[in-house]
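What follows is model-v1.cif (mmCIF, C-alpha atoms and all ligand atoms).
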```
data_run
#
loop_
_atom_site.label_atom_id
_atom_site.label_comp_id
_atom_site.auth_asym_id
_atom_site.auth_seq_id
_atom_site.Cartn_x
_atom_site.Cartn_y
_atom_site.Cartn_z
CA MET G 1 101.58 153.20 74.95
CA LEU G 2 100.22 154.43 78.31
CA LYS G 3 96.53 153.92 77.56
CA GLY G 4 94.71 152.72 80.69
CA LYS G 5 97.40 154.13 83.00
CA THR G 6 96.92 157.08 85.34
CA ALA G 7 99.84 159.44 85.91
CA ILE G 8 100.10 161.93 88.76
CA VAL G 9 102.35 164.93 88.02
CA THR G 10 103.15 167.41 90.81
CA GLY G 11 103.71 171.04 89.81
CA GLY G 12 102.10 170.15 86.49
CA SER G 13 100.60 173.52 85.64
CA ARG G 14 103.68 175.18 84.14
CA GLY G 15 107.29 174.78 83.01
CA ILE G 16 108.80 171.30 83.00
CA GLY G 17 105.76 169.80 84.78
CA ARG G 18 103.39 171.03 82.08
CA ALA G 19 105.62 169.58 79.33
CA ILE G 20 105.62 166.24 81.21
CA VAL G 21 101.82 166.30 81.48
CA TRP G 22 101.47 166.93 77.73
CA LYS G 23 103.95 164.21 76.82
CA LEU G 24 102.33 161.54 79.04
CA ALA G 25 98.85 162.52 77.80
CA SER G 26 100.11 162.26 74.20
CA LEU G 27 101.04 158.65 75.01
CA GLY G 28 97.47 158.02 76.21
CA ALA G 29 97.83 158.32 79.99
CA ASP G 30 95.03 159.80 82.10
CA ILE G 31 96.42 162.69 84.13
CA ALA G 32 96.07 164.03 87.68
CA VAL G 33 97.79 167.43 87.86
CA ILE G 34 98.79 168.60 91.33
CA TYR G 35 99.26 172.36 91.54
CA ALA G 36 100.19 174.75 94.35
CA GLY G 37 98.09 177.85 93.62
CA ASN G 38 97.42 178.73 89.98
CA ARG G 39 94.09 177.03 89.42
CA GLU G 40 93.47 178.62 86.04
CA ALA G 41 96.80 177.40 84.64
CA ALA G 42 96.21 173.87 85.98
CA GLU G 43 92.64 173.73 84.61
CA ASN G 44 93.90 174.98 81.23
CA VAL G 45 96.49 172.19 81.00
CA CYS G 46 93.83 169.60 81.86
CA HIS G 47 91.36 171.07 79.35
CA GLY G 48 94.09 170.97 76.67
CA CYS G 49 94.89 167.29 77.39
CA ARG G 50 91.22 166.30 77.18
CA GLN G 51 90.70 168.21 73.93
CA GLU G 52 93.93 167.22 72.22
CA TYR G 53 94.39 163.62 73.33
CA GLY G 54 90.94 162.51 74.57
CA VAL G 55 92.34 161.41 77.95
CA GLU G 56 90.83 162.07 81.38
CA ALA G 57 92.62 164.95 83.14
CA ARG G 58 91.84 166.62 86.47
CA ALA G 59 93.56 169.23 88.63
CA TYR G 60 94.06 169.03 92.41
CA VAL G 61 95.30 171.86 94.60
CA CYS G 62 97.81 170.53 97.14
CA ASP G 63 100.95 171.72 98.91
CA VAL G 64 103.21 168.68 98.61
CA ALA G 65 105.10 169.79 101.73
CA GLY G 66 102.18 168.63 103.94
CA PHE G 67 102.00 164.94 104.87
CA SER G 68 98.24 164.85 105.61
CA VAL G 69 97.12 167.07 102.75
CA VAL G 70 99.04 164.82 100.32
CA LYS G 71 97.31 161.78 101.84
CA GLU G 72 93.92 163.45 101.32
CA THR G 73 94.75 164.43 97.75
CA VAL G 74 95.94 160.94 96.79
CA GLY G 75 92.65 159.68 98.31
CA LYS G 76 90.70 162.05 96.02
CA ILE G 77 92.69 160.91 92.99
CA LYS G 78 91.96 157.28 93.89
CA ALA G 79 88.24 158.10 94.19
CA ASP G 80 88.23 159.86 90.79
CA PHE G 81 90.51 157.57 88.75
CA GLY G 82 90.27 154.29 90.69
CA THR G 83 94.04 154.06 91.13
CA ALA G 84 97.38 155.44 89.86
CA HIS G 85 100.28 153.81 88.03
CA ILE G 86 102.83 156.57 87.45
CA LEU G 87 104.00 159.30 89.83
CA VAL G 88 106.18 162.18 88.66
CA ASN G 89 107.58 164.26 91.51
CA ASN G 90 108.31 167.49 89.68
CA ALA G 91 107.21 170.21 92.14
CA GLY G 92 110.22 172.18 93.27
CA ILE G 93 111.34 175.59 94.46
CA THR G 94 114.57 177.52 94.93
CA GLN G 95 115.43 179.97 97.69
CA ASP G 96 119.05 180.76 96.88
CA GLY G 97 121.59 182.34 99.22
CA LEU G 98 125.13 181.99 100.47
CA VAL G 99 125.51 179.37 103.16
CA ALA G 100 126.96 181.89 105.65
CA MET G 101 123.81 183.98 105.42
CA MET G 102 121.08 181.47 104.75
CA LYS G 103 118.06 181.65 107.02
CA GLU G 104 116.92 178.44 108.65
CA GLU G 105 113.43 178.84 107.20
CA ASP G 106 114.82 179.13 103.66
CA PHE G 107 116.74 175.88 104.11
CA ASP G 108 113.70 174.13 105.60
CA ARG G 109 111.21 175.37 103.02
CA VAL G 110 113.29 174.08 100.10
CA LEU G 111 113.90 170.71 101.78
CA ASP G 112 110.21 170.42 102.78
CA THR G 113 109.00 170.98 99.22
CA ASN G 114 111.66 169.32 97.07
CA LEU G 115 112.61 166.33 99.22
CA LYS G 116 109.89 165.73 101.80
CA GLY G 117 107.24 166.55 99.18
CA ALA G 118 108.51 163.66 97.05
CA PHE G 119 108.58 161.39 100.10
CA HIS G 120 104.98 162.32 100.97
CA MET G 121 103.79 161.53 97.45
CA ILE G 122 105.69 158.23 97.27
CA ARG G 123 104.51 157.29 100.77
CA HIS G 124 100.85 157.72 99.90
CA CYS G 125 100.96 156.38 96.31
CA THR G 126 102.89 153.21 97.18
CA PRO G 127 99.83 151.39 98.65
CA LEU G 128 98.08 151.89 95.27
CA PHE G 129 101.12 150.62 93.38
CA LEU G 130 101.42 147.60 95.68
CA ARG G 131 97.80 146.72 95.08
CA ASN G 132 98.33 146.97 91.30
CA ARG G 133 101.61 145.02 91.51
CA GLU G 134 103.07 147.72 89.29
CA GLY G 135 104.17 151.29 89.67
CA CYS G 136 106.60 153.81 88.32
CA VAL G 137 108.05 156.76 90.21
CA ILE G 138 110.10 159.44 88.46
CA ASN G 139 111.72 162.12 90.59
CA ILE G 140 112.88 165.34 88.97
CA ALA G 141 116.23 165.99 90.61
CA SER G 142 118.90 168.33 89.20
CA VAL G 143 122.55 168.36 88.20
CA ALA G 144 122.92 170.61 91.28
CA GLY G 145 122.33 167.44 93.32
CA ILE G 146 125.23 165.74 91.53
CA MET G 147 127.77 168.58 91.18
CA GLY G 148 126.67 171.01 93.89
CA ASN G 149 126.17 174.69 93.08
CA ALA G 150 127.49 177.74 94.92
CA GLY G 151 124.61 179.74 96.39
CA GLN G 152 122.25 176.76 96.39
CA CYS G 153 123.25 174.63 99.39
CA ASN G 154 119.59 174.04 100.30
CA TYR G 155 118.51 173.23 96.74
CA SER G 156 121.53 171.00 96.03
CA ALA G 157 121.02 169.14 99.31
CA SER G 158 117.35 168.58 98.48
CA LYS G 159 118.18 167.25 95.01
CA ALA G 160 121.05 165.04 96.24
CA GLY G 161 118.60 163.72 98.85
CA LEU G 162 116.12 163.00 96.10
CA ILE G 163 118.72 160.86 94.33
CA GLY G 164 119.30 158.84 97.55
CA LEU G 165 115.53 158.51 98.01
CA THR G 166 115.21 157.29 94.40
CA LYS G 167 117.82 154.54 94.83
CA SER G 168 116.46 153.32 98.18
CA VAL G 169 112.89 153.17 96.92
CA ALA G 170 114.11 151.41 93.76
CA ARG G 171 115.86 148.74 95.83
CA GLU G 172 113.01 148.38 98.32
CA LEU G 173 110.15 148.04 95.83
CA ALA G 174 111.73 146.36 92.79
CA SER G 175 110.49 142.92 93.83
CA LYS G 176 106.93 144.31 93.90
CA GLY G 177 107.06 145.45 90.27
CA ILE G 178 107.60 149.09 91.21
CA ARG G 179 110.42 151.03 89.51
CA CYS G 180 111.85 154.33 90.73
CA ASN G 181 114.16 156.56 88.69
CA ALA G 182 115.31 160.17 88.63
CA VAL G 183 115.88 162.69 85.88
CA ALA G 184 118.57 165.29 86.54
CA PRO G 185 117.99 168.30 84.30
CA GLY G 186 120.76 170.84 83.75
CA PHE G 187 119.87 174.34 82.68
CA ILE G 188 116.31 174.39 81.28
CA ALA G 189 114.47 177.50 80.05
CA THR G 190 111.46 178.02 82.38
CA ASP G 191 110.05 180.61 84.82
CA MET G 192 112.42 179.20 87.46
CA THR G 193 115.53 180.10 85.43
CA GLY G 194 114.26 183.31 83.77
CA ASP G 195 116.35 185.18 81.19
CA GLN G 196 119.84 183.66 81.08
CA THR G 197 121.17 184.91 77.74
CA ASP G 198 124.39 186.30 79.29
CA ASN G 199 124.89 183.65 81.95
CA PRO G 200 128.54 182.41 81.96
CA LEU G 201 127.22 178.96 82.97
CA LEU G 202 126.12 178.47 79.35
CA LYS G 203 129.83 178.07 78.45
CA MET G 204 129.97 174.99 80.69
CA ILE G 205 127.42 173.18 78.54
CA PRO G 206 129.08 171.09 75.79
CA LEU G 207 125.94 171.29 73.63
CA GLY G 208 126.20 175.08 74.02
CA LYS G 209 122.63 176.04 74.93
CA MET G 210 119.89 175.70 77.51
CA GLY G 211 117.48 172.77 77.29
CA GLU G 212 113.73 172.98 76.74
CA PRO G 213 111.06 171.55 79.09
CA GLU G 214 110.22 169.06 76.30
CA ASP G 215 113.75 167.61 76.54
CA VAL G 216 113.05 166.66 80.16
CA ALA G 217 109.59 165.35 79.24
CA GLU G 218 111.17 163.00 76.63
CA ALA G 219 113.35 161.47 79.35
CA VAL G 220 110.34 161.07 81.65
CA ALA G 221 108.41 159.34 78.87
CA TYR G 222 111.32 156.95 78.34
CA LEU G 223 111.50 156.06 82.04
CA ALA G 224 107.71 155.73 82.25
CA THR G 225 107.68 153.15 79.45
CA ALA G 226 110.97 151.32 80.17
CA ARG G 227 110.77 147.86 81.73
CA TYR G 228 114.27 147.01 82.89
CA VAL G 229 115.48 150.36 84.26
CA THR G 230 115.31 151.22 87.95
CA GLY G 231 117.46 153.26 90.35
CA GLU G 232 118.84 155.25 87.41
CA VAL G 233 119.63 158.97 87.36
CA LEU G 234 119.26 160.19 83.79
CA ARG G 235 120.98 163.51 83.15
CA VAL G 236 119.31 165.84 80.64
CA ASP G 237 121.90 168.58 80.71
CA GLY G 238 123.59 168.97 77.32
CA GLY G 239 126.62 167.21 78.80
CA MET G 240 127.13 169.75 81.63
CA ALA G 241 127.69 167.32 84.51
CA MET G 242 129.53 164.46 82.78
P1 LIG Y 301 108.68 176.16 87.85
O1 LIG Y 301 108.92 177.08 88.98
O2 LIG Y 301 108.28 176.72 86.54
O3 LIG Y 301 107.63 175.02 88.26
C1 LIG Y 301 107.62 174.42 89.51
C2 LIG Y 301 106.22 173.93 89.78
O4 LIG Y 301 106.18 173.36 91.09
C3 LIG Y 301 105.20 175.07 89.76
O5 LIG Y 301 104.07 174.66 89.05
C4 LIG Y 301 104.88 175.25 91.24
O6 LIG Y 301 103.58 175.75 91.46
C5 LIG Y 301 105.03 173.85 91.77
N1 LIG Y 301 105.23 173.83 93.22
C6 LIG Y 301 106.16 174.52 93.91
N2 LIG Y 301 106.00 174.30 95.23
C7 LIG Y 301 104.96 173.43 95.37
C8 LIG Y 301 104.31 172.82 96.47
N3 LIG Y 301 104.71 173.05 97.73
N4 LIG Y 301 103.26 171.99 96.23
C9 LIG Y 301 102.85 171.74 94.97
N5 LIG Y 301 103.43 172.29 93.89
C10 LIG Y 301 104.46 173.12 94.07
O7 LIG Y 301 110.02 175.32 87.71
P2 LIG Y 301 110.57 174.34 86.58
O8 LIG Y 301 111.78 174.96 86.04
O9 LIG Y 301 109.50 173.90 85.68
O10 LIG Y 301 111.07 173.12 87.50
C11 LIG Y 301 110.38 171.90 87.65
C12 LIG Y 301 111.28 170.94 88.40
O11 LIG Y 301 112.51 170.76 87.67
C13 LIG Y 301 111.69 171.43 89.79
O12 LIG Y 301 111.74 170.35 90.68
C14 LIG Y 301 113.10 171.96 89.56
O13 LIG Y 301 113.87 171.93 90.74
C15 LIG Y 301 113.61 170.99 88.52
N6 LIG Y 301 114.73 171.51 87.75
C16 LIG Y 301 114.60 172.62 86.96
C17 LIG Y 301 115.70 173.09 86.25
C18 LIG Y 301 115.62 174.27 85.37
O14 LIG Y 301 116.67 174.67 84.83
N7 LIG Y 301 114.47 174.88 85.14
C19 LIG Y 301 117.00 172.41 86.33
C20 LIG Y 301 117.01 171.25 87.18
C21 LIG Y 301 115.91 170.83 87.85
#
```
Could you spell out this file's structure in structure tokens?
Amino acid sequence: MLKGKTAIVTGGSRGIGRAIVWKLASLGADIAVIYAGNREAAENVCHGCRQEYGVEARAYVCDVAGFSVVKETVGKIKADFGTAHILVNNAGITQDGLVAMMKEEDFDRVLDTNLKGAFHMIRHCTPLFLRNREGCVINIASVAGIMGNAGQCNYSASKAGLIGLTKSVARELASKGIRCNAVAPGFIATDMTGDQTDNPLLKMIPLGKMGEPEDVAEAVAYLATARYVTGEVLRVDGGMAM
């Protein structure tokens, strides 16, 4: 389904990003994994994709919060793969705290990674998409960006910003054959969430349990292969934010 397409996935070495990489590779896409620091994990994911699905897969170290380093990295991906067709902005961090006590640097760091990081990637991939007259951007937002979440004013603001970014880019680039959508996961079992067995938030989920990274990857695969969907925010949250 995605044979001949190249997908860039940020934060693709673990958690939700890794599940997205596997899913897109299973559909035949060649993969560029962007990772922040864990080279071994990133190389392992790429090795697995090559072995299992016979696709091309390479890892690139890059802090998405830096405008120029993202430009350089997209340049390397272009040199290696020729171009790119799909961009999944999955890299994200939390630095939780009450608003009355939050340090400026904790607010900035979360915004710089989660929101500006996505902007940097879109900014530098768009010229490739324009040249191809096709492109697909999928931003991994969060239900926190829709509902808000106490103790996460920085994270919620970054994810709400990502939803605004998604809709503006969708409107701006639709006529060029470029779609832009967001996925808003709820509570997904990864390193970011840790052990949540006794978390009272679980009671707020109509489907009664946490999601798996693969549930988010399914939604990404749908948006990557859809033709007539742009500017959408697809919740994958067991009904939590409806
Ligand atoms: P994770 O912490 O397991 O993975 C995040 C990935 O992003 C890691 O590979 C990390 O190295 C990478 N990353 C972080 N900062 C980076 C930077 N500056 N440059 C490049 N890469 C960077 O987290 P998880 O749970 O897999 O989350 C993935 C995405 O899904 C994040 O955007 C997160 O906000 C979002 N999300 C997760 C939810 C959950 O319940 N786990 C719920 C809603 C959204």
Between G:Ser156, G:Asn199, G:Ser68, G:Thr190, which has the minimum distance to ligand LIG 301 (chain Y) (counting only C-alpha atoms and all ligand atoms)?
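Once distances to ligand LIG 301 (chain Y) are computed over only C-alpha atoms and all ligand atoms, the minimum belongs to G:Thr190.
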All residues 10 Å or closer to segment 81-86 of chain G, all atoms listed in the file, same chain fewer than 2 positions away omitted, as number ranges by chain:
G: 2, 4-9, 24, 29-32, 56-58, 74-79, 88-89, 125-138, 178-180, 224-225
Could you check how far atom CA of Thr230 of chain G sits from atom CA of Asn181 of chain G, in Å to one decimal?
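Going from atom CA of Thr230 of chain G over to atom CA of Asn181 of chain G covers 5.5 Å.
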One decimal, in Å: what's the spacing between atom CA of Lys209 of chain G and atom CA of Phe187 of chain G?
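Computed distance, atom CA of Lys209 of chain G to atom CA of Phe187 of chain G, equals 8.4 Å.
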Residues of chain G at most 8 Å from ligand LIG 301 (chain Y): nearest atom pair and distance in Å, all atoms listed in the file, as JSON lines:
```
{"residue": "G:Thr10", "atom": "CA", "partner": "Y:LIG301", "partner_atom": "N5", "distance": 5.8}
{"residue": "G:Gly11", "atom": "CA", "partner": "Y:LIG301", "partner_atom": "O4", "distance": 3.6}
{"residue": "G:Gly12", "atom": "CA", "partner": "Y:LIG301", "partner_atom": "O5", "distance": 5.5}
{"residue": "G:Ser13", "atom": "CA", "partner": "Y:LIG301", "partner_atom": "O5", "distance": 5.0}
{"residue": "G:Arg14", "atom": "CA", "partner": "Y:LIG301", "partner_atom": "O5", "distance": 5.0}
{"residue": "G:Gly15", "atom": "CA", "partner": "Y:LIG301", "partner_atom": "O9", "distance": 3.6}
{"residue": "G:Ile16", "atom": "CA", "partner": "Y:LIG301", "partner_atom": "O9", "distance": 3.8}
{"residue": "G:Gly17", "atom": "CA", "partner": "Y:LIG301", "partner_atom": "O9", "distance": 5.6}
{"residue": "G:Arg18", "atom": "CA", "partner": "Y:LIG301", "partner_atom": "O9", "distance": 7.7}
{"residue": "G:Ile34", "atom": "CA", "partner": "Y:LIG301", "partner_atom": "C9", "distance": 6.3}
{"residue": "G:Tyr35", "atom": "CA", "partner": "Y:LIG301", "partner_atom": "N5", "distance": 4.8}
{"residue": "G:Ala36", "atom": "CA", "partner": "Y:LIG301", "partner_atom": "C9", "distance": 4.1}
{"residue": "G:Gly37", "atom": "CA", "partner": "Y:LIG301", "partner_atom": "O6", "distance": 6.3}
{"residue": "G:Asn38", "atom": "CA", "partner": "Y:LIG301", "partner_atom": "O6", "distance": 7.0}
{"residue": "G:Val61", "atom": "CA", "partner": "Y:LIG301", "partner_atom": "C9", "distance": 7.6}
{"residue": "G:Cys62", "atom": "CA", "partner": "Y:LIG301", "partner_atom": "C9", "distance": 5.6}
{"residue": "G:Asp63", "atom": "CA", "partner": "Y:LIG301", "partner_atom": "N4", "distance": 3.5}
{"residue": "G:Val64", "atom": "CA", "partner": "Y:LIG301", "partner_atom": "N4", "distance": 4.1}
{"residue": "G:Ala65", "atom": "CA", "partner": "Y:LIG301", "partner_atom": "N3", "distance": 5.2}
{"residue": "G:Asn89", "atom": "CA", "partner": "Y:LIG301", "partner_atom": "O12", "distance": 7.4}
{"residue": "G:Asn90", "atom": "CA", "partner": "Y:LIG301", "partner_atom": "O12", "distance": 4.6}
{"residue": "G:Ala91", "atom": "CA", "partner": "Y:LIG301", "partner_atom": "O4", "distance": 3.5}
{"residue": "G:Gly92", "atom": "CA", "partner": "Y:LIG301", "partner_atom": "O12", "distance": 3.5}
{"residue": "G:Ile93", "atom": "CA", "partner": "Y:LIG301", "partner_atom": "C6", "distance": 5.3}
{"residue": "G:Thr94", "atom": "CA", "partner": "Y:LIG301", "partner_atom": "O13", "distance": 7.0}
{"residue": "G:Asp112", "atom": "CA", "partner": "Y:LIG301", "partner_atom": "N3", "distance": 7.9}
{"residue": "G:Thr113", "atom": "CA", "partner": "Y:LIG301", "partner_atom": "N3", "distance": 5.0}
{"residue": "G:Asn114", "atom": "CA", "partner": "Y:LIG301", "partner_atom": "O12", "distance": 6.5}
{"residue": "G:Gly117", "atom": "CA", "partner": "Y:LIG301", "partner_atom": "N3", "distance": 7.1}
{"residue": "G:Ile140", "atom": "CA", "partner": "Y:LIG301", "partner_atom": "O12", "distance": 5.4}
{"residue": "G:Ala141", "atom": "CA", "partner": "Y:LIG301", "partner_atom": "C21", "distance": 5.6}
{"residue": "G:Ser142", "atom": "CA", "partner": "Y:LIG301", "partner_atom": "C20", "distance": 4.0}
{"residue": "G:Val143", "atom": "CA", "partner": "Y:LIG301", "partner_atom": "C20", "distance": 6.3}
{"residue": "G:Ala144", "atom": "CA", "partner": "Y:LIG301", "partner_atom": "C20", "distance": 7.2}
{"residue": "G:Tyr155", "atom": "CA", "partner": "Y:LIG301", "partner_atom": "O13", "distance": 7.7}
{"residue": "G:Lys159", "atom": "CA", "partner": "Y:LIG301", "partner_atom": "O13", "distance": 7.7}
{"residue": "G:Ala184", "atom": "CA", "partner": "Y:LIG301", "partner_atom": "C20", "distance": 6.2}
{"residue": "G:Pro185", "atom": "CA", "partner": "Y:LIG301", "partner_atom": "C20", "distance": 4.2}
{"residue": "G:Gly186", "atom": "CA", "partner": "Y:LIG301", "partner_atom": "C19", "distance": 4.8}
{"residue": "G:Phe187", "atom": "CA", "partner": "Y:LIG301", "partner_atom": "O14", "distance": 3.9}
{"residue": "G:Ile188", "atom": "CA", "partner": "Y:LIG301", "partner_atom": "O14", "distance": 3.6}
{"residue": "G:Ala189", "atom": "CA", "partner": "Y:LIG301", "partner_atom": "N7", "distance": 5.7}
{"residue": "G:Thr190", "atom": "CA", "partner": "Y:LIG301", "partner_atom": "O8", "distance": 4.8}
{"residue": "G:Asp191", "atom": "CA", "partner": "Y:LIG301", "partner_atom": "O2", "distance": 4.6}
{"residue": "G:Met192", "atom": "CA", "partner": "Y:LIG301", "partner_atom": "O1", "distance": 4.4}
{"residue": "G:Thr193", "atom": "CA", "partner": "Y:LIG301", "partner_atom": "N7", "distance": 5.3}
{"residue": "G:Gly211", "atom": "CA", "partner": "Y:LIG301", "partner_atom": "O14", "distance": 7.8}
{"residue": "G:Pro213", "atom": "CA", "partner": "Y:LIG301", "partner_atom": "O9", "distance": 7.2}
```
Could you state the separation of atom CA of Glu214 of chain G and atom CA of Gly194 of chain G in Å, given to one decimal place?
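Separating atom CA of Glu214 of chain G from atom CA of Gly194 of chain G is a distance of 16.6 Å.
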Please put the answer as lines of an AutoDock Vina configuration file: centre and edge lengths, in Å with one decimal, of a box along x, y and z that encloses all listed atoms of segment 171-188 of chain G plus 4 Å on each side.
```
center_x = 113.8
center_y = 158.7
center_z = 89.8
size_x = 21.8
size_y = 39.5
size_z = 25.0
```
Residue neighbourhood Tyr53 of chain G, 9 Å, only C-alpha atoms, exclusion window fewer than 3 positions, as a ChimeraX atom specification:
/G:22,25-28,48-50,56
Shell around Val183 of chain G at 9 Å using only C-alpha atoms, local window under 4 positions removed, as a VMD selection string
chain G and resid 138 to 142 216 219 to 220 223 232 to 236
Val99 of chain G: which residues within 10 Å, counting only C-alpha atoms, same-chain residues fewer than 3 positions away excluded, as a CSV table (one decimal) with C-alpha atoms, keeping the file's coordinate frame?
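Produced file around-v4.csv, reproduced below:
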```
chain,number,residue,atom,x,y,z
G,96,ASP,CA,119.0,180.8,96.9
G,102,MET,CA,121.1,181.5,104.8
G,103,LYS,CA,118.1,181.6,107.0
G,107,PHE,CA,116.7,175.9,104.1
G,150,ALA,CA,127.5,177.7,94.9
G,151,GLY,CA,124.6,179.7,96.4
G,152,GLN,CA,122.2,176.8,96.4
G,153,CYS,CA,123.2,174.6,99.4
G,154,ASN,CA,119.6,174.0,100.3
```
Considering all atoms listed in the file, can you say which of G:Gly238, G:Gly161, G:Gly231, G:Gly208 comes closest to Ala174 of chain G?
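Among the listed residues, the smallest separation from Ala174 of chain G belongs to G:Gly231.
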